[in-house]
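Dropping my_file38.txt in here (compact mmCIF, C-alpha atoms):
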```
# COMPACT_ATOMS: atom_id res chain seq x y z
CA MET A 1001 0.00 0.00 0.00
CA GLU A 1002 1.19 3.47 -0.87
CA GLU A 1003 2.09 5.50 2.20
CA LYS A 1004 -0.15 8.50 2.70
CA VAL A 1005 0.59 11.07 5.39
CA LEU A 1006 -2.16 13.43 6.51
CA ILE A 1007 -0.96 16.63 8.24
CA SER A 1008 -3.71 18.47 10.12
CA ARG A 1009 -2.03 21.91 10.24
CA LYS A 1010 0.09 23.78 7.72
CA LEU A 1011 3.79 23.25 8.37
CA PRO A 1012 6.84 24.87 6.72
CA GLU A 1013 7.66 23.35 3.35
CA LYS A 1014 11.23 22.45 4.35
CA PHE A 1015 9.82 19.88 6.78
CA VAL A 1016 7.08 18.57 4.50
CA GLN A 1017 9.55 17.93 1.68
CA GLN A 1018 11.40 15.42 3.83
CA ILE A 1019 8.25 13.29 4.01
CA GLU A 1020 7.31 13.80 0.36
CA ASN A 1021 10.44 11.91 -0.63
CA LEU A 1022 8.87 8.78 0.86
CA ALA A 1023 5.10 9.24 0.82
CA LYS A 1024 2.14 11.06 -0.61
CA VAL A 1025 1.32 14.02 1.63
CA LYS A 1026 -2.01 15.75 2.18
CA MET A 1027 -1.69 18.87 4.34
CA TRP A 1028 -4.35 21.27 5.60
CA ASP A 1029 -3.73 24.76 4.24
CA SER A 1030 -4.05 26.78 7.47
CA GLU A 1031 -1.75 27.13 10.46
CA LEU A 1032 -4.31 28.73 12.78
CA GLU A 1033 -7.65 27.33 11.63
CA PRO A 1034 -8.11 23.66 12.52
CA MET A 1035 -9.21 21.23 9.87
CA PRO A 1036 -12.98 20.65 10.23
CA ARG A 1037 -13.67 17.37 11.97
CA ALA A 1038 -15.69 15.93 9.09
CA GLN A 1039 -12.93 16.73 6.60
CA PHE A 1040 -10.25 15.36 8.91
CA LEU A 1041 -12.09 12.06 9.14
CA GLU A 1042 -12.69 11.97 5.39
CA GLU A 1043 -9.03 12.65 4.55
CA ALA A 1044 -7.93 10.05 7.12
CA LYS A 1045 -9.82 7.25 5.32
CA ASP A 1046 -6.82 6.17 3.28
CA ALA A 1047 -4.05 7.67 5.44
CA THR A 1048 -1.39 5.41 6.88
CA ILE A 1049 0.09 8.09 9.16
CA VAL A 1050 -1.44 11.27 10.57
CA ILE A 1051 0.49 14.19 12.04
CA THR A 1052 -1.90 15.80 14.50
CA THR A 1053 -2.20 18.52 17.09
CA LEU A 1054 -4.05 18.57 20.40
CA SER A 1055 -7.07 19.91 18.49
CA GLU A 1056 -7.72 16.58 16.77
CA LYS A 1057 -9.48 13.86 18.74
CA ILE A 1058 -7.97 10.48 17.97
CA ASP A 1059 -10.82 8.38 19.30
CA GLU A 1060 -13.02 5.46 18.36
CA ILE A 1061 -14.72 7.47 15.60
CA PHE A 1062 -11.33 8.34 14.12
CA PHE A 1063 -10.13 4.73 14.13
CA GLU A 1064 -13.35 3.58 12.47
CA ALA A 1065 -12.85 6.21 9.76
CA ALA A 1066 -9.14 5.46 9.29
CA PRO A 1067 -8.75 1.66 9.04
CA ASN A 1068 -5.32 1.85 7.40
CA VAL A 1069 -3.64 4.17 9.88
CA LYS A 1070 -0.55 2.71 11.54
CA GLY A 1071 0.94 5.83 13.12
CA VAL A 1072 -0.36 8.89 14.98
CA VAL A 1073 2.34 11.54 15.32
CA ASN A 1074 1.32 14.18 17.86
CA LEU A 1075 2.81 17.66 17.61
CA ALA A 1076 2.85 18.06 21.40
CA VAL A 1077 4.37 16.48 24.48
CA GLY A 1078 0.88 15.79 25.82
CA PHE A 1079 -1.41 13.19 24.28
CA ASP A 1080 -4.70 13.54 26.13
CA ASN A 1081 -6.37 13.95 22.72
CA ILE A 1082 -5.55 10.33 21.89
CA ASP A 1083 -7.23 7.15 23.11
CA LEU A 1084 -3.99 5.32 23.85
CA GLU A 1085 -5.59 2.04 24.88
CA LEU A 1086 -7.57 1.84 21.66
CA ALA A 1087 -4.49 2.76 19.62
CA HIS A 1088 -2.54 0.00 21.35
CA GLU A 1089 -5.37 -2.45 20.76
CA LYS A 1090 -5.31 -1.61 17.06
CA LYS A 1091 -1.49 -1.78 16.97
CA VAL A 1092 -1.20 1.88 16.00
CA ILE A 1093 2.06 3.60 16.94
CA VAL A 1094 1.67 6.88 18.83
CA THR A 1095 4.49 9.40 19.21
CA ASN A 1096 4.86 12.77 20.91
CA THR A 1097 7.51 15.50 21.26
CA PRO A 1098 9.02 15.26 24.75
CA GLU A 1099 12.21 16.96 26.02
CA VAL A 1100 12.65 19.41 23.14
CA LEU A 1101 10.07 21.78 24.63
CA THR A 1102 10.83 21.40 28.34
CA GLU A 1103 12.96 24.50 28.90
CA THR A 1104 10.84 26.75 26.69
CA THR A 1105 7.62 25.75 28.44
CA ALA A 1106 9.15 26.26 31.88
CA GLU A 1107 10.37 29.67 30.73
CA LEU A 1108 6.85 30.69 29.70
CA GLY A 1109 5.50 29.53 33.06
CA PHE A 1110 8.14 31.51 34.88
CA SER A 1111 7.29 34.55 32.78
CA LEU A 1112 3.62 34.17 33.71
CA MET A 1113 4.48 33.99 37.39
CA LEU A 1114 6.55 37.18 37.27
CA THR A 1115 3.96 38.94 35.13
CA ALA A 1116 1.10 38.08 37.50
CA ALA A 1117 3.11 38.81 40.63
CA ARG A 1118 4.18 42.27 39.49
CA ARG A 1119 0.87 43.08 37.72
CA ILE A 1120 2.65 43.77 34.44
CA VAL A 1121 -0.43 43.45 32.22
CA GLU A 1122 -2.38 45.86 34.40
CA ALA A 1123 0.56 48.28 34.40
CA VAL A 1124 0.87 48.26 30.61
CA GLU A 1125 -2.86 48.86 30.20
CA TYR A 1126 -2.70 51.62 32.85
CA VAL A 1127 -0.14 53.49 30.75
CA GLN A 1128 -1.83 52.79 27.41
CA ASP A 1129 -5.16 54.05 28.77
CA GLY A 1130 -3.59 57.36 29.75
CA GLU A 1131 -4.17 56.83 33.47
CA TRP A 1132 -0.54 57.41 34.52
CA LYS A 1133 -0.70 60.92 35.98
CA SER A 1134 1.83 60.73 38.81
CA TRP A 1135 3.82 58.42 41.05
CA GLY A 1136 2.14 56.86 44.08
CA PRO A 1137 3.66 54.91 46.98
CA TYR A 1138 1.43 51.89 46.34
CA LEU A 1139 0.68 52.36 42.66
CA LEU A 1140 0.10 48.89 41.17
CA ALA A 1141 1.98 47.29 44.06
CA GLY A 1142 2.37 43.58 43.44
CA GLN A 1143 3.88 40.52 45.11
CA ASP A 1144 7.54 39.59 45.49
CA VAL A 1145 8.67 36.34 43.91
CA HIS A 1146 12.08 36.39 45.56
CA GLY A 1147 11.97 34.94 49.04
CA SER A 1148 8.49 33.49 48.48
CA THR A 1149 7.30 29.89 48.77
CA VAL A 1150 6.55 28.29 45.41
CA GLY A 1151 4.69 25.00 45.15
CA ILE A 1152 5.05 22.92 42.00
CA TYR A 1153 2.30 20.42 41.26
CA GLY A 1154 3.84 17.81 38.98
CA MET A 1155 7.61 17.32 39.20
CA GLY A 1156 8.24 15.96 35.74
CA ALA A 1157 10.79 17.40 33.35
CA ILE A 1158 8.99 20.74 33.08
CA GLY A 1159 8.48 20.92 36.84
CA GLU A 1160 12.18 20.34 37.41
CA ALA A 1161 13.07 22.98 34.81
CA PHE A 1162 10.79 25.42 36.63
CA ALA A 1163 12.43 24.60 39.95
CA ARG A 1164 15.89 25.26 38.47
CA ARG A 1165 14.77 28.77 37.56
CA LEU A 1166 13.85 29.44 41.18
CA LEU A 1167 17.34 28.69 42.50
CA GLY A 1168 18.47 32.26 41.94
CA PHE A 1169 15.38 33.78 43.56
CA ASN A 1170 16.02 32.52 47.09
CA CYS A 1171 12.62 30.82 47.12
CA LYS A 1172 11.48 27.96 49.27
CA VAL A 1173 10.38 25.40 46.69
CA LEU A 1174 7.85 22.69 47.46
CA TYR A 1175 6.52 20.03 45.15
CA HIS A 1176 3.87 17.36 44.95
CA ASN A 1177 4.15 14.43 42.60
CA ARG A 1178 2.53 11.01 42.44
CA SER A 1179 5.89 9.65 43.56
CA ARG A 1180 8.69 11.29 45.51
CA LYS A 1181 11.85 12.21 43.62
CA GLU A 1182 14.55 12.20 46.26
CA GLU A 1183 17.39 12.76 43.80
CA ALA A 1184 15.65 15.90 42.53
CA GLU A 1185 15.09 17.04 46.12
CA GLN A 1186 18.83 17.05 46.70
CA ARG A 1187 19.80 18.47 43.33
CA LEU A 1188 17.21 21.25 43.23
CA ASN A 1189 16.78 21.93 46.96
CA VAL A 1190 13.05 21.20 46.82
CA GLU A 1191 10.86 19.70 49.52
CA TYR A 1192 8.08 17.16 49.11
CA ARG A 1193 4.61 17.98 50.44
CA SER A 1194 1.18 16.41 50.28
CA PHE A 1195 -1.15 18.20 47.89
CA GLU A 1196 -3.01 19.81 50.78
CA GLU A 1197 0.22 20.99 52.41
CA LEU A 1198 1.43 22.39 49.10
CA LEU A 1199 -1.73 24.46 48.76
CA GLU A 1200 -1.63 25.71 52.32
CA GLU A 1201 2.02 26.78 52.34
CA SER A 1202 2.60 28.23 48.86
CA ASP A 1203 2.54 31.85 47.75
CA PHE A 1204 2.55 30.66 44.15
CA VAL A 1205 1.15 27.32 43.00
CA VAL A 1206 2.43 26.17 39.62
CA CYS A 1207 0.69 23.33 37.76
CA THR A 1208 2.94 21.48 35.32
CA ALA A 1209 1.26 18.07 35.59
CA PRO A 1210 -0.07 15.97 32.70
CA LEU A 1211 -3.84 15.58 32.42
CA THR A 1212 -5.08 12.26 33.78
CA PRO A 1213 -8.37 11.14 35.34
CA GLU A 1214 -6.71 11.72 38.73
CA THR A 1215 -5.54 15.26 37.97
CA LYS A 1216 -8.63 16.50 36.13
CA GLY A 1217 -10.41 19.11 38.23
CA ILE A 1218 -7.81 18.91 41.00
CA PHE A 1219 -7.91 22.69 41.40
CA ASN A 1220 -11.46 23.08 42.61
CA LYS A 1221 -13.43 24.79 45.37
CA ASP A 1222 -11.85 22.68 48.10
CA ALA A 1223 -8.36 23.34 46.78
CA PHE A 1224 -8.87 27.10 46.55
CA GLU A 1225 -10.21 27.21 50.11
CA LYS A 1226 -6.93 25.69 51.29
CA MET A 1227 -4.74 28.24 49.44
CA LYS A 1228 -3.58 31.53 50.91
CA ASN A 1229 -5.77 34.49 50.03
CA SER A 1230 -2.60 36.13 48.69
CA ALA A 1231 -1.71 33.13 46.51
CA ILE A 1232 -1.46 33.12 42.70
CA LEU A 1233 -2.12 30.01 40.58
CA ILE A 1234 -0.08 29.44 37.41
CA ASN A 1235 -1.20 26.70 35.00
CA ILE A 1236 1.05 25.49 32.17
CA GLY A 1237 -0.32 21.94 32.32
CA ARG A 1238 -3.80 21.48 30.85
CA GLY A 1239 -6.95 23.56 31.18
CA PRO A 1240 -9.13 20.81 32.68
CA HIS A 1241 -6.91 20.67 35.75
CA ILE A 1242 -8.95 23.67 36.92
CA VAL A 1243 -12.66 23.87 37.64
CA GLU A 1244 -13.01 27.29 36.08
CA ASN A 1245 -16.23 28.41 37.78
CA ASP A 1246 -14.63 27.58 41.12
CA LEU A 1247 -11.59 29.68 40.23
CA VAL A 1248 -13.77 32.65 39.30
CA ASP A 1249 -15.62 32.36 42.61
CA ALA A 1250 -12.39 31.94 44.59
CA ILE A 1251 -10.93 35.15 43.15
CA ASN A 1252 -14.16 37.11 43.51
CA ASN A 1253 -14.48 35.93 47.13
CA ASN A 1254 -10.83 36.85 47.87
CA GLU A 1255 -9.94 33.24 48.63
CA ILE A 1256 -6.92 33.54 46.31
CA LEU A 1257 -5.37 36.59 44.69
CA GLY A 1258 -5.27 35.64 41.04
CA ALA A 1259 -4.17 33.29 38.27
CA ALA A 1260 -2.00 33.20 35.15
CA LEU A 1261 -3.01 30.59 32.58
CA ASP A 1262 -1.44 29.32 29.40
CA VAL A 1263 -4.25 26.80 29.00
CA VAL A 1264 -8.01 26.79 29.57
CA GLU A 1265 -10.67 24.11 29.53
CA LYS A 1266 -12.06 24.95 26.09
CA GLU A 1267 -9.58 26.40 23.62
CA PRO A 1268 -9.76 28.94 22.15
CA ILE A 1269 -11.37 30.75 25.07
CA ALA A 1270 -14.80 32.28 24.47
CA ASN A 1271 -14.91 36.06 24.12
CA ASP A 1272 -17.41 36.30 26.97
CA HIS A 1273 -15.50 34.10 29.39
CA PRO A 1274 -15.41 35.59 32.92
CA PHE A 1275 -11.61 35.32 33.02
CA LEU A 1276 -11.33 38.01 30.35
CA LYS A 1277 -13.15 40.53 32.53
CA MET A 1278 -10.92 40.00 35.56
CA ASP A 1279 -7.81 42.09 36.20
CA GLN A 1280 -6.53 39.31 38.47
CA VAL A 1281 -6.45 36.72 35.69
CA ILE A 1282 -3.96 36.56 32.81
CA VAL A 1283 -4.73 34.25 29.88
CA VAL A 1284 -2.33 33.61 27.00
CA PRO A 1285 -3.18 31.40 23.98
CA HIS A 1286 -1.41 28.11 24.81
CA ILE A 1287 2.05 29.31 23.80
CA GLY A 1288 4.11 27.37 26.34
CA SER A 1289 6.48 25.89 23.77
CA SER A 1290 6.14 28.67 21.23
CA SER A 1291 9.64 29.84 20.45
CA LEU A 1292 10.91 29.54 16.88
CA LYS A 1293 13.76 27.24 17.82
CA THR A 1294 11.60 24.92 19.91
CA ARG A 1295 8.72 24.72 17.47
CA ASN A 1296 11.19 23.85 14.69
CA LYS A 1297 12.60 21.09 16.90
CA MET A 1298 9.11 19.78 17.60
CA VAL A 1299 8.15 19.69 13.92
CA GLN A 1300 11.44 18.05 12.96
CA LEU A 1301 10.88 15.39 15.62
CA CYS A 1302 7.45 14.71 14.14
CA VAL A 1303 9.02 14.39 10.70
CA ASP A 1304 11.70 12.03 12.00
CA ASN A 1305 9.11 9.88 13.77
CA THR A 1306 7.01 9.77 10.62
CA ILE A 1307 9.97 8.67 8.50
CA GLN A 1308 10.87 5.97 11.02
CA ILE A 1309 7.33 4.58 10.91
CA ILE A 1310 7.28 4.65 7.11
CA LYS A 1311 10.53 2.69 7.04
CA GLY A 1312 9.19 0.18 9.56
CA ASP A 1313 11.71 1.23 12.21
CA GLU A 1314 11.16 2.11 15.85
CA PRO A 1315 10.17 5.79 16.19
CA LEU A 1316 12.35 8.09 18.27
CA THR A 1317 9.74 9.03 20.86
CA PRO A 1318 6.98 6.43 21.08
CA VAL A 1319 4.27 6.83 23.71
CA LYS A 1320 3.97 3.69 25.81
CA ILE A 1321 0.97 2.64 27.89
```
Turn the structure described in the file into structure tokens.
Amino acid sequence: MEEKVLISRKLPEKFVQQIENLAKVKMWDSELEPMPRAQFLEEAKDATIVITTLSEKIDEIFFEAAPNVKGVVNLAVGFDNIDLELAHEKKVIVTNTPEVLTETTAELGFSLMLTAARRIVEAVEYVQDGEWKSWGPYLLAGQDVHGSTVGIYGMGAIGEAFARRLLGFNCKVLYHNRSRKEEAEQRLNVEYRSFEELLEESDFVVCTAPLTPETKGIFNKDAFEKMKNSAILINIGRGPHIVENDLVDAINNNEILGAALDVVEKEPIANDHPFLKMDQVIVVPHIGSSSLKTRNKMVQLCVDNTIQIIKGDEPLTPVKI
């Protein structure tokens, strides 16, 4: 059977050409607009490999529509858009893009923490709106990051990269993970806490965890009640970690101070979402790994995995279950 590769978002030609040497390629013609679901399923009918994003659901309906697919190449480190058990059952190889985006994503999370703490977005808007008339002793006074207690929920590669960035800020760094990482504790000077203790002690709570049934909705009413009323939540994991209505209520009721989010439950966020009316909430459009160098590395890794699958070789970064 002729190899056919379906690419669900427009990628630079220099990457696509590498695949075209080995297979027929069908690529969606937009970088920002997702391929309509019906068209994605139609194009997948005779595809042997699909290069996807988190926007595409690789579920039972997909596998019924794409009987010839043998590889799903995800342009992301996460893979919560893919039914891994069903893929395994159907002997479909799944790959992702780990490691190459770790530092860039941690950097974005750190930027969000500093931006929220020092109220940078509010300050920029204050100047742009012509409200800056004079200096005031407490004008847009924010929170210090240096010397604070930062709690990291999820001490994977990105969590560790975030912790490394705190070493120069004289912070007390706590973490919660499904398993303790004693080597990381020594290397990064971090301390393990239960989830409840992490919430209670932290000035900043940073979510870097993957989305699983256990982590979905972990930041809810009960969690916010345990946090300091001066605490700020940063989420660079997945939107569904947070029960969004509970977060809105927690901020409005002064149970926590604010939040900075790279991800939300439904992306893109609706124009009338309550977050967008709140000075205490910063939302950016899921750009955690979005630097030119890192995105090029991610796309190249997808290309390399695709070529390995076409050749019948082991891919570089398979997702195991």
Write out as a list of chain:residue names each polymer residue whose atoms come within 8 Å of Val1299 (chain A), counting all atoms listed in the file; drop sequence neighbours fewer than 3 positions from it.
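Result of the neighbour search: A:Leu1011, A:Phe1015, A:Leu1075, A:Arg1295, A:Asn1296, A:Cys1302, A:Val1303.
In this model, the gap between CA of Asn1177 (chain A) and CA of Gly1159 (chain A) comes to 9.7 Å.
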Skipping near chain neighbours, those fewer than 3 positions away, what residues fall within 12 Å of Lys1221 (chain A) using only C-alpha atoms, listed as a CSV table (one decimal) with C-alpha atoms, in the frame of the given file?
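Result file is part_18.csv:
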```csv
chain,number,residue,atom,x,y,z
A,1217,GLY,CA,-10.4,19.1,38.2
A,1218,ILE,CA,-7.8,18.9,41.0
A,1224,PHE,CA,-8.9,27.1,46.6
A,1225,GLU,CA,-10.2,27.2,50.1
A,1226,LYS,CA,-6.9,25.7,51.3
A,1227,MET,CA,-4.7,28.2,49.4
A,1242,ILE,CA,-9.0,23.7,36.9
A,1243,VAL,CA,-12.7,23.9,37.6
A,1244,GLU,CA,-13.0,27.3,36.1
A,1245,ASN,CA,-16.2,28.4,37.8
A,1246,ASP,CA,-14.6,27.6,41.1
A,1247,LEU,CA,-11.6,29.7,40.2
A,1248,VAL,CA,-13.8,32.6,39.3
A,1249,ASP,CA,-15.6,32.4,42.6
A,1250,ALA,CA,-12.4,31.9,44.6
A,1251,ILE,CA,-10.9,35.2,43.2
A,1253,ASN,CA,-14.5,35.9,47.1
A,1255,GLU,CA,-9.9,33.2,48.6
A,1256,ILE,CA,-6.9,33.5,46.3
```
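Proximity to Thr1306 (chain A) was assessed for A:Leu1140, A:Ala1161, A:Val1094, A:Cys1207 counting only C-alpha atoms; the smallest distance is recorded for A:Val1094.
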Spatial neighbours of region 1228-1238 of chain A, max dist 8 Å, all atoms listed in the file, sep filter under 3 positions, as a PyMOL selection string:
chain A and resi 1105+1109+1112-1113+1116-1117+1199-1211+1225+1241+1254-1265+1288
Env of His1146 (chain A): 9 Å cut, atoms = all atoms listed in the file, seq-sep filter 2 positions within chain, self excluded. Answer as a list of chain:residue names.
A:Asp1144, A:Ser1148, A:Thr1149, A:Leu1166, A:Gly1168, A:Phe1169, A:Asn1170, A:Cys1171
Exercise: Tyr1192 (chain A) partners within 10 Å, all atoms listed in the file, chain neighbours under 4 positions left out, as a list of chain:residue names
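Final neighbour list, sorted by chain and number: A:Gly1151, A:Ile1152, A:Met1155, A:Val1173, A:Leu1174, A:Tyr1175, A:His1176, A:Asn1177, A:Ser1179, A:Arg1180, A:Lys1181, A:Glu1182, A:Glu1185, A:Glu1197, A:Leu1198.
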